[in-house]
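Notes follow the structure.
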Amino acid sequence: MTQQPLAVALISGGLDSMVAAASAREAGFRLLALSVDYNQRHQVELAAAGRIARELGAERHVVLPLDLSAFGGSALTADIDVPKGGVGSDIPVTYVPARNTIFLSLALGWAEAAGARDLFIGVNALDYSGYPDCRPEFIAAFEGLAELATKAGVEGYPFRIHAPLQHMTKADIAREAARLGLDAGMSWSCYDPTPGGLHCGLCDSCRLRMKGFEEAGLADPTAYATRA
């Protein structure tokens, strides 16, 4: 009997990464789960990532410490207020410089070491906050980079970067979570949790999550401190 192929799934703890990793499992991949502790202000998402990795049966879950607060430049890693006024058209201050490039590079390193050729990431280019590293062009470019930058790629064993949520709205993603039988309440989205452990309800991530469940016509299992 042929063993199922192995994939590295980036699991942040959010709804998108949970659905992307579950899509990998549904496609027949065995999972290696990678989360990055980059000293983000919403550390509670790492606990959610652990719950998700266990629920999806990941063979191993690595939480890799990489303190991006040493660089700053983002409301998630520096002493900058998280915007609460609504989703705008500009790239917001919650953008972490080159975050997905860094995370995919780490996932690529683990994939090559483990003999995996597939990486899964939960980026989304429709209902999102305008981050440049969520676009299809970025994913395609990184896939090309992976082929050039690795021993496996040079020897003719290229990597595939899977972004199964790329063209989904948040409502689509909420529906996909339900279809996959996932408990969306296990995931964490809020950038600025309350001291009591609630989603703030006002940051971009909360607003998009809330909007997704509403538009999908699904019950939202999230506990919000307030509703925008």
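Following the order of the structure tokens, chains are lettered A, B, ..., residues in each are numbered from 1, and ligands are numbered from 1.
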
Would you give me, as CSV, each residue of region 55-93 of chain A having an atom within 12 Å of an atom of region 107-110 of chain A, along with its shortest atom pair and that distance in Å to one decimal, using only C-alpha atoms and sorting by chain and residue number?
residue,atom,partner,partner_atom,distance
A:Arg60,CA,A:Trp110,CA,11.5
A:His61,CA,A:Trp110,CA,11.5
A:Val62,CA,A:Trp110,CA,9.9
A:Val63,CA,A:Ala107,CA,11.5
A:Leu64,CA,A:Ala107,CA,10.5

Write the residues of the preceding selection, restricted to N, CA and C atoms, as an mmCIF file, in the first residue's frame.
data_model
loop_
_atom_site.group_PDB
_atom_site.id
_atom_site.type_symbol
_atom_site.label_atom_id
_atom_site.label_comp_id
_atom_site.auth_asym_id
_atom_site.auth_seq_id
_atom_site.Cartn_x
_atom_site.Cartn_y
_atom_site.Cartn_z
ATOM 1 N N ARG A 60 3.118 16.025 13.488
ATOM 2 C CA ARG A 60 3.999 16.820 14.323
ATOM 3 C C ARG A 60 3.559 18.269 14.216
ATOM 4 N N HIS A 61 3.637 18.995 15.328
ATOM 5 C CA HIS A 61 3.328 20.426 15.322
ATOM 6 C C HIS A 61 4.519 21.172 15.894
ATOM 7 N N VAL A 62 5.167 21.960 15.079
ATOM 8 C CA VAL A 62 6.290 22.771 15.520
ATOM 9 C C VAL A 62 5.828 24.208 15.703
ATOM 10 N N VAL A 63 6.067 24.757 16.882
ATOM 11 C CA VAL A 63 5.856 26.187 17.133
ATOM 12 C C VAL A 63 7.245 26.812 17.181
ATOM 13 N N LEU A 64 7.585 27.509 16.141
ATOM 14 C CA LEU A 64 8.952 28.006 15.972
ATOM 15 C C LEU A 64 9.076 29.431 16.487
#

Margin query: Residues of region 29-148 of chain A classed as helix (DSSP H, G or I) by DSSP on the backbone are to be reported as a VMD selection string.
Written below: chain A and resid 44 to 55 68 to 70 99 to 114 132 to 134 136 to 148

Limited to N, CA and C atoms, could you put the picked residues into a file as a compact mmCIF listing (two decimals), in the first residue's frame?
# COMPACT_ATOMS: atom_id res chain seq x y z
N VAL A 44 -2.62 34.44 21.89
CA VAL A 44 -3.66 33.45 22.10
C VAL A 44 -3.89 32.61 20.84
N GLU A 45 -3.52 33.13 19.66
CA GLU A 45 -3.71 32.37 18.43
C GLU A 45 -2.85 31.11 18.40
N LEU A 46 -1.73 31.10 19.13
CA LEU A 46 -0.88 29.92 19.13
C LEU A 46 -1.53 28.77 19.88
N ALA A 47 -2.29 29.08 20.92
CA ALA A 47 -3.05 28.03 21.60
C ALA A 47 -4.10 27.46 20.67
N ALA A 48 -4.73 28.33 19.87
CA ALA A 48 -5.71 27.87 18.88
C ALA A 48 -5.03 26.99 17.83
N ALA A 49 -3.82 27.36 17.43
CA ALA A 49 -3.09 26.57 16.44
C ALA A 49 -2.83 25.16 16.97
N GLY A 50 -2.49 25.06 18.25
CA GLY A 50 -2.27 23.75 18.85
C GLY A 50 -3.53 22.90 18.85
N ARG A 51 -4.66 23.51 19.17
CA ARG A 51 -5.94 22.78 19.14
C ARG A 51 -6.24 22.28 17.73
N ILE A 52 -6.02 23.14 16.76
CA ILE A 52 -6.33 22.78 15.37
C ILE A 52 -5.41 21.66 14.88
N ALA A 53 -4.12 21.77 15.18
CA ALA A 53 -3.17 20.74 14.75
C ALA A 53 -3.55 19.37 15.33
N ARG A 54 -3.94 19.36 16.59
CA ARG A 54 -4.37 18.09 17.21
C ARG A 54 -5.64 17.57 16.57
N GLU A 55 -6.60 18.46 16.36
CA GLU A 55 -7.89 18.05 15.77
C GLU A 55 -7.70 17.47 14.38
N LEU A 68 9.84 38.66 15.62
CA LEU A 68 9.81 39.75 14.64
C LEU A 68 9.58 41.11 15.28
N SER A 69 9.30 41.13 16.60
CA SER A 69 9.18 42.42 17.26
C SER A 69 10.53 43.14 17.33
N ALA A 70 11.61 42.40 17.11
CA ALA A 70 12.94 43.03 17.04
C ALA A 70 13.03 43.99 15.85
N ARG A 99 5.88 39.04 6.15
CA ARG A 99 5.54 37.90 7.01
C ARG A 99 5.34 36.60 6.25
N ASN A 100 4.51 36.61 5.22
CA ASN A 100 4.25 35.35 4.52
C ASN A 100 5.47 34.85 3.76
N THR A 101 6.33 35.76 3.31
CA THR A 101 7.58 35.35 2.69
C THR A 101 8.45 34.62 3.71
N ILE A 102 8.53 35.17 4.91
CA ILE A 102 9.31 34.55 5.98
C ILE A 102 8.71 33.20 6.36
N PHE A 103 7.39 33.17 6.55
CA PHE A 103 6.74 31.93 6.99
C PHE A 103 6.86 30.82 5.94
N LEU A 104 6.64 31.18 4.68
CA LEU A 104 6.76 30.17 3.62
C LEU A 104 8.20 29.68 3.48
N SER A 105 9.17 30.55 3.71
CA SER A 105 10.57 30.13 3.67
C SER A 105 10.85 29.09 4.76
N LEU A 106 10.31 29.32 5.95
CA LEU A 106 10.47 28.35 7.04
C LEU A 106 9.77 27.04 6.70
N ALA A 107 8.56 27.13 6.16
CA ALA A 107 7.82 25.92 5.78
C ALA A 107 8.56 25.17 4.68
N LEU A 108 9.15 25.90 3.76
CA LEU A 108 9.91 25.28 2.67
C LEU A 108 11.12 24.53 3.22
N GLY A 109 11.82 25.14 4.17
CA GLY A 109 12.97 24.47 4.77
C GLY A 109 12.58 23.17 5.44
N TRP A 110 11.47 23.19 6.18
CA TRP A 110 11.02 21.96 6.85
C TRP A 110 10.56 20.94 5.82
N ALA A 111 9.84 21.39 4.80
CA ALA A 111 9.36 20.47 3.77
C ALA A 111 10.53 19.76 3.10
N GLU A 112 11.56 20.50 2.74
CA GLU A 112 12.70 19.86 2.08
C GLU A 112 13.38 18.86 3.02
N ALA A 113 13.55 19.25 4.28
CA ALA A 113 14.18 18.36 5.25
C ALA A 113 13.37 17.08 5.48
N ALA A 114 12.03 17.22 5.44
CA ALA A 114 11.15 16.09 5.73
C ALA A 114 10.80 15.26 4.50
N PRO A 132 -0.16 42.64 0.67
CA PRO A 132 0.40 42.26 -0.64
C PRO A 132 0.83 40.80 -0.73
N ASP A 133 1.17 40.20 0.42
CA ASP A 133 1.64 38.82 0.41
C ASP A 133 0.51 37.80 0.52
N CYS A 134 -0.69 38.22 0.13
CA CYS A 134 -1.83 37.30 0.03
C CYS A 134 -2.28 37.13 -1.42
N PRO A 136 -2.33 36.15 -5.53
CA PRO A 136 -1.92 35.00 -6.35
C PRO A 136 -0.54 35.17 -6.96
N GLU A 137 -0.19 36.41 -7.34
CA GLU A 137 1.12 36.66 -7.94
C GLU A 137 2.25 36.31 -6.97
N PHE A 138 2.02 36.60 -5.70
CA PHE A 138 3.03 36.27 -4.69
C PHE A 138 3.20 34.77 -4.56
N ILE A 139 2.08 34.04 -4.48
CA ILE A 139 2.15 32.58 -4.33
C ILE A 139 2.86 31.96 -5.53
N ALA A 140 2.52 32.40 -6.73
CA ALA A 140 3.15 31.86 -7.94
C ALA A 140 4.65 32.17 -7.95
N ALA A 141 5.01 33.38 -7.55
CA ALA A 141 6.42 33.76 -7.54
C ALA A 141 7.20 32.96 -6.51
N PHE A 142 6.58 32.71 -5.35
CA PHE A 142 7.29 31.94 -4.33
C PHE A 142 7.48 30.49 -4.77
N GLU A 143 6.51 29.96 -5.48
CA GLU A 143 6.65 28.59 -5.99
C GLU A 143 7.85 28.50 -6.94
N GLY A 144 8.01 29.51 -7.79
CA GLY A 144 9.17 29.55 -8.67
C GLY A 144 10.47 29.69 -7.90
N LEU A 145 10.46 30.52 -6.87
CA LEU A 145 11.62 30.70 -6.02
C LEU A 145 12.02 29.39 -5.35
N ALA A 146 11.02 28.64 -4.87
CA ALA A 146 11.29 27.37 -4.18
C ALA A 146 12.02 26.40 -5.09
N GLU A 147 11.68 26.41 -6.36
CA GLU A 147 12.34 25.51 -7.31
C GLU A 147 13.80 25.91 -7.51
N LEU A 148 14.06 27.21 -7.52
CA LEU A 148 15.42 27.71 -7.75
C LEU A 148 16.31 27.62 -6.51

Write out as a CSV table (one decimal) with C-alpha atoms, in the first residue's frame which residues come within 12 Å of Leu180 (chain A) when counting only C-alpha atoms, dropping same-chain ones fewer than 5 positions away.
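File part25.csv, as written:
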chain,number,residue,atom,x,y,z
A,18,MET,CA,-7.5,25.9,9.8
A,19,VAL,CA,-9.6,25.5,6.6
A,20,ALA,CA,-6.5,25.3,4.4
A,21,ALA,CA,-4.9,22.6,6.5
A,22,ALA,CA,-8.2,20.7,6.6
A,23,SER,CA,-8.3,20.9,2.8
A,24,ALA,CA,-4.9,19.3,2.7
A,25,ARG,CA,-6.1,16.5,4.9
A,26,GLU,CA,-9.2,16.0,2.8
A,27,ALA,CA,-6.9,15.8,-0.3
A,56,LEU,CA,-6.5,17.6,12.2
A,173,ILE,CA,-14.5,30.1,3.9
A,174,ALA,CA,-17.1,30.0,6.7
A,175,ARG,CA,-19.2,27.6,4.5

Note to self: Let me make sure I understand: among A:Leu76, A:Ala225, A:Leu6, A:Ile161, which one has the smallest atom-to-atom distance to Gln43 (chain A) if we use only C-alpha atoms?
What the structure shows: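 Residue with the minimum atom-to-atom distance to Gln43 (chain A): A:Leu76.
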
Checklist line | Among listed residues A:Ala223, A:Leu34, A:Leu126, A:Leu165, nearest Gly196 (chain A) (using only C-alpha atoms) | finding: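 Closest candidate: A:Ala223.
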
Next item on the list: Considering only C-alpha atoms, state which residue in the set A:Ala163, A:Val87, A:Ala216, A:Ala149 is at the smallest distance from Phe120 (chain A).
Entry: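 Among the listed residues, the smallest separation from Phe120 (chain A) belongs to A:Ala163.
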
Next item on the list: Write out as number ranges by chain each polymer residue whose atoms come within 7 Å of Gln4 (chain A), counting only C-alpha atoms; drop sequence neighbours fewer than 6 positions from it.
Entry: A: 28-30

Would you put the residues from that selection into a file with all heavy atoms, as a CSV table (one decimal), in the first residue's frame?
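Resulting contents of again05.csv:
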chain,number,residue,atom,x,y,z
A,28,GLY,N,-5.9,14.1,1.1
A,28,GLY,CA,-5.1,12.8,1.3
A,28,GLY,C,-3.7,13.0,1.8
A,28,GLY,O,-2.9,12.1,1.8
A,29,PHE,N,-3.4,14.2,2.2
A,29,PHE,CA,-2.0,14.5,2.7
A,29,PHE,C,-2.0,14.1,4.2
A,29,PHE,O,-2.9,14.4,5.0
A,29,PHE,CB,-1.6,15.9,2.5
A,29,PHE,CG,-1.3,16.3,1.1
A,29,PHE,CD1,-2.3,16.9,0.3
A,29,PHE,CD2,-0.1,16.0,0.5
A,29,PHE,CE1,-2.1,17.2,-1.0
A,29,PHE,CE2,0.2,16.4,-0.8
A,29,PHE,CZ,-0.8,17.0,-1.6
A,30,ARG,N,-0.8,13.6,4.6
A,30,ARG,CA,-0.4,13.6,6.0
A,30,ARG,C,0.1,15.0,6.3
A,30,ARG,O,0.7,15.6,5.5
A,30,ARG,CB,0.6,12.5,6.3
A,30,ARG,CG,0.1,11.1,6.0
A,30,ARG,CD,1.3,10.2,5.6
A,30,ARG,NE,2.4,10.3,6.4
A,30,ARG,CZ,3.7,10.3,6.0
A,30,ARG,NH1,3.9,10.2,4.7
A,30,ARG,NH2,4.7,10.4,6.8

Check: Which neighbours of Asp16 (chain A) fall inside 10 Å, counting only C-alpha atoms, when residues of the same chain fewer than 3 positions from it are skipped, and could you give them as a list of chain:residue names?
Finding: A:Ile11, A:Ser12, A:Gly13, A:Val19, A:Ala20, A:Ala21, A:Ala22, A:Ile121, A:Gly122, A:Val123, A:Asn124, A:Pro164, A:Leu165, A:Gln166, A:Lys170, A:Ile173, A:Ala174, A:Glu176, A:Ala177, A:Ala184, A:Ser187, A:Trp188, A:Ser189, A:Arg209
